[in-house]
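**Q** File name target.cif; file contents mmCIF, C-alpha atoms and all ligand atoms; full text below.
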```cif
data_structure
#
loop_
_atom_site.label_atom_id
_atom_site.label_comp_id
_atom_site.auth_asym_id
_atom_site.auth_seq_id
_atom_site.Cartn_x
_atom_site.Cartn_y
_atom_site.Cartn_z
CA MET A 1 -166.22 4.29 -139.81
CA ASP A 2 -165.26 7.54 -141.37
CA HIS A 3 -162.02 7.88 -143.29
CA GLY A 4 -162.28 11.61 -143.74
CA HIS A 5 -163.05 12.64 -147.26
CA LEU A 6 -162.06 9.25 -148.61
CA HIS A 7 -165.47 7.71 -148.24
CA LEU A 8 -165.76 4.01 -148.75
CA ASP A 9 -169.00 2.26 -148.08
CA ARG A 10 -167.76 -1.19 -147.33
CA ASN A 11 -171.28 -2.59 -147.44
CA THR A 12 -171.84 -1.56 -151.01
CA GLY A 13 -168.22 -1.36 -152.05
CA THR A 14 -168.75 2.09 -153.47
CA VAL A 15 -166.03 4.67 -153.24
CA ASP A 16 -166.31 8.39 -153.23
CA PRO A 17 -164.61 9.72 -156.39
CA LEU A 18 -162.43 11.92 -154.21
CA SER A 19 -160.70 8.79 -153.04
CA HIS A 20 -158.89 8.68 -156.37
CA LEU A 21 -156.96 11.77 -155.47
CA PRO A 22 -153.36 10.61 -155.61
CA TYR A 23 -152.29 12.34 -152.44
CA PRO A 24 -154.17 13.05 -149.27
CA THR A 25 -155.22 16.59 -148.68
CA THR A 26 -155.04 18.25 -145.33
CA ASN A 27 -158.70 17.38 -144.83
CA THR A 28 -157.80 13.76 -144.46
CA ARG A 29 -156.18 14.60 -141.17
CA LEU A 30 -159.64 15.02 -139.76
CA ALA A 31 -160.14 11.34 -140.32
CA ARG A 32 -157.50 10.29 -137.92
CA GLY A 33 -159.47 11.34 -134.92
CA GLY A 34 -158.09 10.49 -131.55
CA GLY A 35 -155.83 13.53 -131.58
CA THR A 36 -152.64 11.49 -131.55
CA ASP A 37 -149.32 13.03 -132.44
CA MET A 38 -148.35 10.13 -134.66
CA PRO A 39 -147.13 11.10 -138.10
CA ALA A 40 -149.61 10.37 -140.88
CA VAL A 41 -148.22 8.92 -144.07
CA SER A 42 -149.70 8.08 -147.42
CA VAL A 43 -149.55 4.40 -148.31
CA TYR A 44 -149.47 3.66 -152.04
CA ILE A 45 -151.51 0.58 -152.94
CA PRO A 46 -150.77 -1.06 -156.32
CA THR A 47 -153.75 -2.36 -158.28
CA PRO A 48 -153.30 -6.06 -157.38
CA PHE A 49 -153.93 -5.14 -153.73
CA ARG A 50 -156.48 -2.45 -154.34
CA LYS A 51 -159.48 -4.72 -153.99
CA MET A 52 -158.65 -4.68 -150.30
CA THR A 53 -158.79 -0.92 -150.09
CA GLY A 54 -161.99 -0.14 -151.96
CA ASN A 55 -159.96 0.54 -155.12
CA ARG A 56 -158.02 3.33 -153.49
CA GLN A 57 -154.60 4.14 -154.83
CA HIS A 58 -153.53 5.80 -151.59
CA VAL A 59 -154.57 5.19 -148.02
CA GLU A 60 -153.62 7.46 -145.20
CA ALA A 61 -152.47 5.85 -142.00
CA GLU A 62 -150.55 6.95 -138.97
CA GLY A 63 -147.84 5.28 -136.98
CA ALA A 64 -144.36 5.85 -135.66
CA ASP A 65 -142.79 3.30 -137.97
CA ILE A 66 -143.62 1.23 -141.05
CA GLY A 67 -144.94 -1.68 -138.99
CA GLU A 68 -147.39 0.55 -137.14
CA VAL A 69 -148.48 2.25 -140.33
CA LEU A 70 -149.26 -1.10 -141.98
CA ALA A 71 -151.07 -2.27 -138.85
CA ASN A 72 -153.18 0.86 -139.04
CA VAL A 73 -153.96 0.22 -142.69
CA ASP A 74 -155.08 -3.24 -141.61
CA LYS A 75 -157.35 -1.66 -139.00
CA GLN A 76 -159.04 0.35 -141.73
CA PHE A 77 -159.07 -2.56 -144.17
CA PRO A 78 -159.06 -5.82 -142.28
CA GLY A 79 -157.15 -8.51 -144.14
CA PHE A 80 -154.67 -6.09 -145.73
CA ARG A 81 -151.83 -7.19 -143.50
CA SER A 82 -152.31 -10.88 -144.17
CA LEU A 83 -152.53 -10.14 -147.89
CA VAL A 84 -149.10 -8.51 -147.68
CA PHE A 85 -147.38 -10.55 -144.98
CA GLY A 86 -149.21 -13.87 -145.16
CA SER A 87 -149.11 -15.46 -141.76
CA GLY A 88 -145.55 -14.34 -141.00
CA GLU A 89 -144.04 -11.39 -139.21
CA GLU A 90 -141.37 -10.54 -141.78
CA VAL A 91 -141.91 -8.91 -145.13
CA PRO A 92 -142.02 -11.91 -147.48
CA ALA A 93 -139.60 -12.34 -150.34
CA HIS A 94 -142.08 -11.43 -153.06
CA ILE A 95 -142.99 -8.06 -151.51
CA ASN A 96 -140.91 -4.92 -151.25
CA ILE A 97 -141.83 -1.92 -149.16
CA TYR A 98 -140.47 1.50 -150.02
CA LEU A 99 -140.33 4.61 -147.91
CA ASN A 100 -140.04 7.62 -150.19
CA LYS A 101 -138.61 5.42 -152.98
CA GLN A 102 -136.04 3.66 -150.81
CA GLU A 103 -136.48 -0.02 -150.02
CA ILE A 104 -136.90 -0.41 -146.27
CA SER A 105 -134.53 -3.34 -145.86
CA SER A 106 -131.76 -0.86 -146.66
CA LEU A 107 -133.14 1.28 -143.81
CA GLN A 108 -134.40 -0.31 -140.58
CA GLY A 109 -136.96 -2.68 -142.09
CA ILE A 110 -140.46 -2.42 -140.66
CA GLN A 111 -139.02 -0.56 -137.70
CA THR A 112 -138.04 2.30 -139.98
CA LYS A 113 -139.40 5.53 -138.52
CA VAL A 114 -141.72 7.62 -140.64
CA SER A 115 -142.40 11.33 -140.72
CA GLU A 116 -145.51 13.31 -141.49
CA GLY A 117 -146.15 13.39 -145.22
CA ASP A 118 -143.92 10.44 -146.11
CA GLU A 119 -145.04 8.00 -148.75
CA VAL A 120 -144.93 4.26 -148.18
CA ALA A 121 -145.37 1.93 -151.18
CA VAL A 122 -146.07 -1.79 -150.97
CA ILE A 123 -144.93 -3.41 -154.23
CA PRO A 124 -145.41 -7.12 -155.01
CA ALA A 125 -143.59 -9.07 -157.71
CA LEU A 126 -145.78 -9.38 -160.79
CA ALA A 127 -145.70 -12.53 -162.88
CA GLY A 128 -147.48 -11.20 -165.89
CA GLY A 129 -146.07 -10.71 -169.34
CA ALA A 130 -147.45 -12.90 -172.04
CA GLY A 131 -150.42 -13.24 -169.80
CA ASP A 132 -152.13 -16.41 -170.65
CA GLY A 133 -151.46 -19.45 -168.70
CA ALA A 134 -148.71 -21.34 -170.30
CA SER A 135 -146.89 -19.23 -172.77
CA GLN A 136 -143.39 -19.04 -171.45
CA ASN A 137 -141.40 -21.55 -173.20
CA GLY A 138 -138.64 -22.38 -175.58
CA THR A 139 -137.17 -25.03 -177.76
CA ALA A 140 -133.95 -26.81 -178.02
CA PRO A 141 -131.63 -24.23 -179.44
CA ASN A 142 -129.36 -24.21 -182.35
CA ALA A 143 -125.79 -23.39 -181.65
CA ALA A 144 -125.25 -19.70 -181.11
CA ALA A 145 -125.34 -18.04 -184.48
CA PRO A 146 -122.20 -16.19 -185.41
CA ARG A 147 -122.49 -12.46 -184.93
CA LYS A 148 -123.72 -10.73 -188.01
CA ARG A 149 -121.40 -8.28 -189.69
CA ILE A 150 -123.08 -5.50 -191.55
CA GLY A 151 -121.03 -3.61 -194.07
CA ALA A 152 -122.24 -0.57 -195.94
CA LEU A 153 -126.00 -0.16 -195.82
CA THR A 154 -127.86 -0.80 -199.07
CA ALA A 155 -129.89 1.98 -200.65
CA GLU A 156 -133.04 0.27 -199.45
CA GLN A 157 -131.73 0.07 -195.90
CA VAL A 158 -130.72 3.71 -195.94
CA ASN A 159 -134.31 4.55 -196.90
CA ARG A 160 -135.93 2.12 -194.49
CA TYR A 161 -133.92 3.33 -191.50
CA SER A 162 -133.56 6.96 -192.56
CA ARG A 163 -135.40 8.31 -189.50
CA HIS A 164 -132.89 6.53 -187.31
CA ILE A 165 -129.88 7.39 -189.41
CA ILE A 166 -130.53 11.13 -189.36
CA MET A 167 -130.53 11.12 -185.55
CA PRO A 168 -127.10 12.10 -184.20
CA GLN A 169 -127.46 9.46 -181.44
CA VAL A 170 -127.86 6.72 -184.06
CA GLY A 171 -126.36 7.56 -187.44
CA PRO A 172 -125.21 4.88 -189.91
CA SER A 173 -122.89 3.29 -187.35
CA GLY A 174 -125.64 3.05 -184.73
CA GLN A 175 -127.98 1.50 -187.26
CA ARG A 176 -125.30 -1.05 -188.10
CA LYS A 177 -124.98 -1.87 -184.39
CA ILE A 178 -128.72 -2.53 -184.27
CA MET A 179 -128.51 -4.73 -187.36
CA GLU A 180 -125.61 -6.71 -185.87
CA SER A 181 -127.40 -7.35 -182.56
CA SER A 182 -129.36 -10.35 -181.42
CA VAL A 183 -132.20 -10.18 -178.90
CA LEU A 184 -134.10 -13.03 -177.28
CA ILE A 185 -137.71 -12.34 -176.33
CA ILE A 186 -139.22 -14.58 -173.66
CA GLY A 187 -142.91 -14.93 -174.52
CA ALA A 188 -144.72 -13.93 -177.72
CA GLY A 189 -147.65 -12.60 -175.73
CA GLY A 190 -148.78 -9.30 -174.29
CA LEU A 191 -145.31 -7.83 -173.71
CA GLY A 192 -143.46 -9.87 -176.34
CA SER A 193 -145.75 -8.53 -179.06
CA PRO A 194 -144.94 -4.82 -178.96
CA ILE A 195 -141.30 -5.64 -178.15
CA ALA A 196 -140.97 -7.88 -181.22
CA VAL A 197 -142.76 -5.45 -183.51
CA TYR A 198 -140.60 -2.45 -182.59
CA LEU A 199 -137.38 -4.45 -182.65
CA ALA A 200 -138.30 -5.84 -186.07
CA LEU A 201 -139.02 -2.36 -187.38
CA ALA A 202 -135.72 -1.15 -185.94
CA GLY A 203 -133.89 -3.83 -187.92
CA ILE A 204 -132.46 -5.98 -185.12
CA GLY A 205 -130.30 -8.61 -186.84
CA LYS A 206 -131.61 -11.68 -185.06
CA ILE A 207 -134.72 -11.98 -182.91
CA GLY A 208 -135.33 -15.17 -180.94
CA ILE A 209 -138.86 -15.98 -179.82
CA VAL A 210 -139.37 -18.35 -176.90
CA ASP A 211 -142.96 -19.60 -176.72
CA PHE A 212 -144.41 -23.08 -177.07
CA ASP A 213 -148.06 -22.03 -176.82
CA THR A 214 -150.56 -21.65 -179.64
CA VAL A 215 -152.66 -18.59 -180.44
CA ASP A 216 -156.03 -18.51 -178.70
CA ILE A 217 -158.82 -16.06 -179.40
CA SER A 218 -158.46 -14.71 -175.85
CA ASN A 219 -154.92 -13.58 -176.75
CA LEU A 220 -156.19 -11.16 -179.37
CA GLN A 221 -157.32 -8.60 -176.79
CA ARG A 222 -153.67 -7.51 -176.44
CA GLN A 223 -151.14 -9.67 -178.32
CA ILE A 224 -150.61 -7.59 -181.45
CA LEU A 225 -148.25 -10.10 -183.06
CA HIS A 226 -151.25 -12.34 -183.73
CA GLN A 227 -154.43 -11.90 -185.72
CA ASN A 228 -157.68 -13.78 -186.24
CA ASP A 229 -156.26 -16.01 -188.95
CA ASP A 230 -153.46 -17.07 -186.61
CA ILE A 231 -155.73 -18.79 -184.08
CA GLY A 232 -154.40 -22.29 -183.51
CA LYS A 233 -150.90 -21.54 -184.89
CA HIS A 234 -147.78 -21.74 -182.78
CA LYS A 235 -147.26 -18.28 -181.32
CA ALA A 236 -143.59 -18.39 -182.28
CA GLU A 237 -144.50 -19.13 -185.93
CA SER A 238 -147.19 -16.47 -185.96
CA ALA A 239 -144.64 -14.04 -184.49
CA LYS A 240 -142.12 -14.94 -187.19
CA GLU A 241 -144.66 -14.29 -189.95
CA THR A 242 -145.61 -10.93 -188.47
CA ILE A 243 -141.99 -9.87 -188.03
CA HIS A 244 -141.16 -10.83 -191.61
CA ALA A 245 -144.24 -9.01 -192.89
CA TYR A 246 -142.84 -5.89 -191.24
CA ASN A 247 -139.19 -6.40 -192.10
CA PRO A 248 -137.96 -9.36 -194.15
CA ASP A 249 -134.34 -8.59 -193.25
CA VAL A 250 -134.69 -9.78 -189.66
CA GLU A 251 -133.55 -13.30 -188.91
CA VAL A 252 -136.13 -14.95 -186.63
CA VAL A 253 -135.32 -18.04 -184.57
CA THR A 254 -138.27 -19.82 -182.98
CA HIS A 255 -137.92 -21.81 -179.76
CA LYS A 256 -141.13 -23.79 -179.41
CA VAL A 257 -140.63 -25.90 -176.30
CA PRO A 258 -141.07 -25.03 -172.62
CA ILE A 259 -138.01 -23.26 -171.25
CA THR A 260 -136.53 -25.35 -168.48
CA SER A 261 -133.29 -25.71 -166.57
CA ASP A 262 -132.24 -28.23 -169.24
CA ASN A 263 -132.42 -25.85 -172.19
CA SER A 264 -132.33 -22.28 -170.89
CA MET A 265 -128.52 -21.99 -170.91
CA ASP A 266 -128.37 -23.19 -174.53
CA ILE A 267 -131.17 -20.93 -175.68
CA ILE A 268 -130.03 -17.78 -173.90
CA SER A 269 -126.35 -18.17 -174.73
CA GLY A 270 -127.13 -17.56 -178.42
CA TYR A 271 -128.15 -13.93 -177.91
CA ASP A 272 -126.63 -10.60 -176.88
CA TYR A 273 -129.65 -9.34 -174.90
CA VAL A 274 -132.64 -10.95 -173.23
CA ILE A 275 -136.04 -9.35 -172.78
CA ASN A 276 -138.34 -10.93 -170.24
CA GLY A 277 -142.00 -10.94 -171.10
CA ALA A 278 -142.70 -14.12 -169.17
CA ASP A 279 -146.22 -14.55 -167.86
CA ASN A 280 -145.33 -16.71 -164.89
CA PHE A 281 -142.88 -16.79 -162.03
CA ALA A 282 -141.29 -20.10 -163.04
CA ALA A 283 -139.99 -18.67 -166.32
CA ARG A 284 -139.26 -15.28 -164.79
CA TYR A 285 -136.88 -16.74 -162.19
CA LEU A 286 -135.34 -19.25 -164.57
CA VAL A 287 -134.56 -16.53 -167.11
CA ASN A 288 -133.15 -14.25 -164.41
CA ASP A 289 -130.91 -16.97 -163.02
CA THR A 290 -129.71 -18.05 -166.45
CA CYS A 291 -128.90 -14.46 -167.43
CA PHE A 292 -126.94 -14.11 -164.20
CA PHE A 293 -124.90 -17.24 -164.87
CA LEU A 294 -124.29 -16.26 -168.51
CA LYS A 295 -123.75 -12.54 -167.75
CA LYS A 296 -126.42 -11.44 -170.21
CA PRO A 297 -128.14 -8.06 -169.89
CA LEU A 298 -131.80 -8.61 -168.97
CA ILE A 299 -134.57 -6.15 -169.67
CA ASP A 300 -137.36 -7.16 -167.34
CA GLY A 301 -141.01 -6.20 -167.57
CA SER A 302 -144.19 -7.41 -165.93
CA ILE A 303 -147.83 -6.45 -165.92
CA LEU A 304 -151.03 -7.12 -164.02
CA LEU A 305 -154.39 -5.37 -164.06
CA PHE A 306 -153.44 -1.69 -164.48
CA ASP A 307 -149.88 -2.00 -163.14
CA GLY A 308 -146.61 -2.42 -164.93
CA GLN A 309 -143.02 -2.77 -163.74
CA VAL A 310 -139.87 -2.36 -165.85
CA THR A 311 -136.18 -2.42 -165.07
CA VAL A 312 -132.81 -3.44 -166.52
CA TYR A 313 -130.31 -5.82 -164.93
CA LEU A 314 -126.74 -5.53 -166.18
CA PRO A 315 -124.19 -8.33 -165.68
CA ASP A 316 -122.69 -8.41 -162.18
CA LYS A 317 -124.79 -5.43 -161.11
CA GLY A 318 -127.76 -7.03 -159.42
CA CYS A 319 -130.64 -9.23 -160.46
CA TYR A 320 -134.35 -9.88 -160.04
CA ARG A 321 -133.68 -11.87 -156.88
CA CYS A 322 -132.04 -8.80 -155.29
CA LEU A 323 -135.51 -7.30 -155.58
CA TYR A 324 -137.66 -10.39 -155.04
CA PRO A 325 -135.56 -13.27 -153.66
CA ALA A 326 -138.13 -15.98 -154.36
CA PRO A 327 -141.53 -16.44 -155.98
CA PRO A 328 -144.62 -15.78 -153.89
CA PRO A 329 -146.40 -18.63 -152.15
CA PRO A 330 -149.72 -19.87 -153.52
CA GLY A 331 -152.34 -17.26 -154.16
CA MET A 332 -150.45 -14.27 -152.74
CA VAL A 333 -150.21 -12.46 -156.07
CA PRO A 334 -152.83 -13.25 -158.68
CA SER A 335 -151.81 -14.08 -162.22
CA CYS A 336 -153.00 -12.29 -165.34
CA ALA A 337 -155.17 -15.29 -166.16
CA GLU A 338 -156.87 -14.94 -162.78
CA ALA A 339 -156.95 -11.18 -162.55
CA GLY A 340 -156.74 -9.86 -166.10
CA VAL A 341 -154.73 -7.08 -167.67
CA LEU A 342 -155.66 -4.01 -169.66
CA GLY A 343 -154.52 -4.76 -173.22
CA ALA A 344 -153.10 -1.33 -173.97
CA LEU A 345 -150.92 -1.55 -170.85
CA CYS A 346 -148.87 -4.21 -172.66
CA GLY A 347 -147.97 -1.68 -175.34
CA THR A 348 -146.71 0.87 -172.83
CA VAL A 349 -144.58 -1.55 -170.84
CA GLY A 350 -143.33 -3.56 -173.83
CA THR A 351 -142.40 -0.42 -175.71
CA ILE A 352 -140.35 0.78 -172.73
CA GLN A 353 -138.53 -2.56 -172.77
CA ALA A 354 -137.85 -2.25 -176.51
CA THR A 355 -136.60 1.31 -175.97
CA GLU A 356 -134.23 0.19 -173.22
CA VAL A 357 -132.65 -2.57 -175.31
CA LEU A 358 -132.15 -0.19 -178.24
CA LYS A 359 -130.44 2.31 -175.90
CA LEU A 360 -128.16 -0.42 -174.59
CA ILE A 361 -127.26 -1.47 -178.15
CA LEU A 362 -126.56 2.13 -179.14
CA GLY A 363 -124.80 2.94 -175.88
CA VAL A 364 -126.82 6.10 -175.36
CA GLY A 365 -128.76 7.65 -172.52
CA ASP A 366 -129.35 6.41 -168.98
CA SER A 367 -130.75 2.92 -168.76
CA LEU A 368 -133.27 1.83 -166.15
CA HIS A 369 -130.47 -0.10 -164.46
CA GLY A 370 -130.71 0.62 -160.71
CA ARG A 371 -134.24 1.90 -161.00
CA LEU A 372 -137.56 0.11 -161.03
CA MET A 373 -140.15 1.96 -163.08
CA LEU A 374 -143.67 1.50 -161.80
CA TYR A 375 -146.51 2.39 -164.13
CA ASP A 376 -149.96 2.88 -162.64
CA ALA A 377 -152.28 3.21 -165.61
CA LEU A 378 -155.37 3.81 -163.51
CA ALA A 379 -153.87 6.95 -162.00
CA MET A 380 -151.74 7.50 -165.13
CA GLU A 381 -148.62 7.92 -163.06
CA PHE A 382 -145.08 6.75 -163.52
CA ARG A 383 -143.00 6.44 -160.39
CA GLN A 384 -139.52 5.10 -159.81
CA VAL A 385 -137.93 3.40 -156.87
CA ARG A 386 -134.22 2.84 -156.43
CA ILE A 387 -132.96 -0.71 -156.56
CA ARG A 388 -129.48 -1.92 -155.78
CA LYS A 389 -127.36 -5.02 -155.92
CA ASP A 390 -128.04 -6.80 -152.65
CA PRO A 391 -124.93 -8.24 -150.98
CA ASN A 392 -127.24 -10.81 -149.33
CA CYS A 393 -128.89 -11.79 -152.62
CA VAL A 394 -129.60 -15.53 -152.74
CA LEU A 395 -128.24 -15.61 -156.30
CA CYS A 396 -125.75 -12.79 -156.96
CA GLY A 397 -124.82 -12.02 -153.34
CA GLU A 398 -121.67 -12.87 -151.42
CA ASN A 399 -122.96 -16.16 -150.04
CA PRO A 400 -125.45 -17.42 -152.60
CA THR A 401 -127.83 -20.25 -151.80
CA VAL A 402 -129.09 -20.50 -155.37
CA THR A 403 -126.13 -22.01 -157.20
CA ALA A 404 -127.91 -23.93 -159.96
CA LEU A 405 -130.98 -23.44 -162.10
CA ILE A 406 -134.32 -24.21 -160.44
CA ASP A 407 -137.49 -25.38 -162.17
CA TYR A 408 -140.30 -23.93 -160.12
CA ASP A 409 -143.42 -25.93 -160.66
CA ALA A 410 -145.53 -22.85 -160.76
CA TRP A 411 -147.34 -21.47 -163.74
CA CYS A 412 -149.42 -18.44 -164.38
CA GLY A 413 -153.06 -19.35 -164.04
CA GLY A 414 -152.47 -22.04 -161.47
CA ALA A 415 -151.59 -21.97 -157.83
CA PHE A 416 -147.94 -21.62 -156.96
CA GLY A 417 -148.40 -24.87 -155.19
CA HIS A 418 -144.98 -26.41 -155.30
CA THR A 419 -142.65 -23.57 -154.66
CA ASN A 420 -139.40 -24.90 -153.37
CA GLU A 421 -140.05 -24.48 -149.67
CA GLU A 422 -136.46 -24.58 -148.54
CA GLU A 423 -135.44 -21.96 -150.98
CA GLN A 424 -138.41 -19.79 -150.04
CA LYS A 425 -137.36 -20.08 -146.41
CA ALA A 426 -133.78 -19.22 -147.30
CA ALA A 427 -134.98 -16.22 -149.26
CA ASP A 428 -137.26 -15.06 -146.46
CA ALA A 429 -134.43 -15.52 -143.98
CA ALA A 430 -132.06 -13.51 -146.16
CA LYS A 431 -134.62 -10.77 -146.36
CA ALA A 432 -135.17 -10.82 -142.60
CA LEU A 433 -131.41 -10.65 -142.11
CA LYS A 434 -131.26 -7.64 -144.36
CA ALA A 435 -134.14 -6.01 -142.54
CA ASN A 436 -132.44 -6.47 -139.21
CA ALA A 437 -129.01 -5.54 -140.42
ZN ZN A 501 -129.24 -10.52 -157.07
#
```
If you took the structure in this file and wrote it as structure tokens, what would it be?
Ligand SMILES: [Zn+2]
**A**
Amino acid sequence: MDHGHLHLDRNTGTVDPLSHLPYPTTNTRLARGGGTDMPAVSVYIPTPFRKMTGNRQHVEAEGADIGEVLANVDKQFPGFRSLVFGSGEEVPAHINIYLNKQEISSLQGIQTKVSEGDEVAVIPALAGGAGDGASQNGTAPNAAAPRKRIGALTAEQVNRYSRHIIMPQVGPSGQRKIMESSVLIIGAGGLGSPIAVYLALAGIGKIGIVDFDTVDISNLQRQILHQNDDIGKHKAESAKETIHAYNPDVEVVTHKVPITSDNSMDIISGYDYVINGADNFAARYLVNDTCFFLKKPLIDGSILLFDGQVTVYLPDKGCYRCLYPAPPPPGMVPSCAEAGVLGALCGTVGTIQATEVLKLILGVGDSLHGRLMLYDALAMEFRQVRIRKDPNCVLCGENPTVTALIDYDAWCGGAFGHTNEEEQKAADAAKALKANA
């Protein structure tokens, strides 16, 4: 079977280098054959799904609507549809499909008509953050620390933060805001590492680290908080030592037990901002839900293979479940432990998260709120899709079905074997409702 200039030999798995072209050229129209008048669109494939498409970033397919386009992708790459949809007919809760950056459930769902040259993107939820199996955790909290008050900066502080202070967007008052702020970092792993380092350097007043895991040699490929001599230490302790080595002024609070529905409210309530670097869906959803109930700003990031996702959720303005109502069923999206992650990718995504929290603290610029930033390191492309508060959201919508914290028994590195089935059904139903609305 010939796919035009995008040659894939499915027997050998080799791909013509031209297939890495980000957008189809007019030559690809030759591939469609058949002489139909159907519009041809470019379907963006994120790296977790790319093994199905011979490592192609884009696949051209024709069809009158999204459903036909995806069916045609499946014709070219059998198994693609079941990878995306599972056995069902509706787009599952852990997958979003965008037509030219707009999520299709806000259009006509999979019946949304397409036009020649449109771009369709199929984006799964990614669990990855710390990236190692069991890192997302916390300890019983202390009572919320009283907010720090910073008076005049000392001479040493003026020197240390001089490159901030001379910026008109920061100045001495902005630097004081940073020093009075508290930020909780979920996971001292791949994402938590660059986040913690840059926030420590910036002089954040209090940094909380939630992680019960210990440092393993396999962490050192990407987790820059930890070094060889730290192997075997609690990650939260190792993180504290690294932060203090960079900036002894930062107060570091370690939470070294698994974060659960029993302790997440106590832990999270002690901080102004929460940054999610969780490596598994259980922690990712628990942190999202807790931030919603406590009205805490959440800076969310996730990574897998060569892909990263980052966004910001502000109180009462949408949440992770607006985007992905429920975790994926077993095996639908691989974890970092199963699939791996490029170490340097953690730095890019984590640094964006650190940047976003600093902007929120300073009250400057446009945050990623309302936008999901997608980073494709293989193509070296950043793209954005619009996200919105979903009135049918199972958590923050008008008729929520998630009204209490849920402990998903699902960890990165294992199957998502015990996802709450009823809630998954409710989430899928909500999504179907949206799609048909
Ligand atoms: Zn929501």
**Q** Using only C-alpha atoms and all ligand atoms, determine which residues fall within 10 Å of ligand ZN 501 (chain A), then list them as a list of chain:residue names.
**A**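 Within the 10 Å cut-off, the matching residues are A:Asn288, A:Asp289, A:Phe292, A:Tyr313, A:Asp316, A:Lys317, A:Gly318, A:Cys319, A:Tyr320, A:Arg321, A:Cys322, A:Leu323, A:Tyr324, A:Pro325, A:Arg388, A:Lys389, A:Asp390, A:Pro391, A:Asn392, A:Cys393, A:Val394, A:Leu395, A:Cys396, A:Gly397, A:Glu398, A:Pro400.
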**Q** With all atoms listed in the file as the counted atoms, please give the residues lying no more than 7 Å from Leu225 of chain A, apart from itself and same-chain residues fewer than 3 positions off, as a PyMOL selection string.
**A** chain A and resi 193+239+242
**Q** Please measure the separation of atom CA of Asp300 of chain A and atom CA of Gly370 of chain A, giving the value in Å to one decimal.
**A**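 Separation between atom CA of Asp300 of chain A and atom CA of Gly370 of chain A: 12.2 Å.
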**Q** May I ask which of the residues A:Thr355, A:Thr112, A:Gln76, A:Ser264 is the closest one to Leu294 of chain A, counting all atoms listed in the file?
**A**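 The shortest atom-to-atom distance to Leu294 of chain A comes from A:Ser264.
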**Q** Give me the residues within 9 Å of Met52 of chain A as a VMD selection string, counting only C-alpha atoms and dropping any in the same chain fewer than 6 places off.
**A** chain A and resid 77 to 80 83
**Q** Do you have the atom CA of Ile207 of chain A-atom CA of Pro168 of chain A distance handy?
**A**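 About the pair atom CA of Ile207 of chain A and atom CA of Pro168 of chain A: they are 25.3 Å apart.
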**Q** Quick one: residues within 9 Å of Pro39 of chain A, all atoms listed in the file, excluding same-chain residues fewer than 5 positions away - as a JSON list (two decimals) with C-alpha atoms, in the coordinates of the input?
**A**
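Below you can see around-v4.json, which holds the result:
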```
[["chain", "number", "residue", "atom", "x", "y", "z"],
["A", 61, "ALA", "CA", -152.47, 5.85, -142.00],
["A", 62, "GLU", "CA", -150.55, 6.95, -138.97],
["A", 63, "GLY", "CA", -147.84, 5.28, -136.98],
["A", 64, "ALA", "CA", -144.36, 5.85, -135.66],
["A", 65, "ASP", "CA", -142.79, 3.30, -137.97],
["A", 114, "VAL", "CA", -141.72, 7.62, -140.64],
["A", 115, "SER", "CA", -142.40, 11.33, -140.72],
["A", 116, "GLU", "CA", -145.51, 13.31, -141.49],
["A", 117, "GLY", "CA", -146.15, 13.39, -145.22],
["A", 118, "ASP", "CA", -143.92, 10.44, -146.11]]
```
**Q** Let me make sure I understand: among A:Thr290, A:Ser105, A:Thr254, A:Gln111, which one has the smallest atom-to-atom distance to Lys235 of chain A if we use only C-alpha atoms?
**A**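 Residue with the minimum atom-to-atom distance to Lys235 of chain A: A:Thr254.
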**Q** Can you measure atom CA of His226 of chain A to atom CA of Ser238 of chain A for me? One decimal in Å is fine.
**A**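 If I compute the distance from atom CA of His226 of chain A to atom CA of Ser238 of chain A, I get 6.2 Å.
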**Q** Looking at all atoms listed in the file, which of A:Ile224, A:Asp37, A:Gln169, A:Asp249 is the one that sits closest to Glu156 of chain A?
**A** A:Asp249
**Q** Counting all atoms listed in the file, which residues come within 10 Å of (-133.1, -16.1, -186.1), with the point read in the file's coordinates, and could you list them as a ChimeraX atom specification?
**A** /A:142,144-145,182-184,205-209,240,250-255,270-271
**Q** Between A:Phe382, A:Phe306, A:Tyr198, A:Tyr285, which has the minimum distance to Tyr246 of chain A (counting all atoms listed in the file)?
**A**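 For Tyr246 of chain A, the nearest of the candidates is A:Tyr198.
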**Q** Skipping near chain neighbours, those fewer than 3 positions away, what residues fall within 8 Å of segment 148-153 of chain A using all atoms listed in the file, listed as a ChimeraX atom specification?
**A** /A:156-158,172,176,179-181,205
**Q** Restricting the output to C-alpha atoms, write the selected residues as a PDB file, in the frame of the given file.
**A**
```pdb
ATOM      1  CA  GLU A 156    -133.040   0.270-199.450  1.00  0.00           C
ATOM      2  CA  GLN A 157    -131.730   0.070-195.900  1.00  0.00           C
ATOM      3  CA  VAL A 158    -130.720   3.710-195.940  1.00  0.00           C
ATOM      4  CA  PRO A 172    -125.210   4.880-189.910  1.00  0.00           C
ATOM      5  CA  ARG A 176    -125.300  -1.050-188.100  1.00  0.00           C
ATOM      6  CA  MET A 179    -128.510  -4.730-187.360  1.00  0.00           C
ATOM      7  CA  GLU A 180    -125.610  -6.710-185.870  1.00  0.00           C
ATOM      8  CA  SER A 181    -127.400  -7.350-182.560  1.00  0.00           C
ATOM      9  CA  GLY A 205    -130.300  -8.610-186.840  1.00  0.00           C
TER      10      GLY A 205
END
```
**Q** When you look at Arg371 of chain A with a cut-off of 9 Å (counting all atoms listed in the file), what residues show up, excluding the ones that are within fewer than 2 positions of it in the same chain? I need them as a PyMOL selection string.
**A** chain A and resi 310-312+367-369+373+384-388
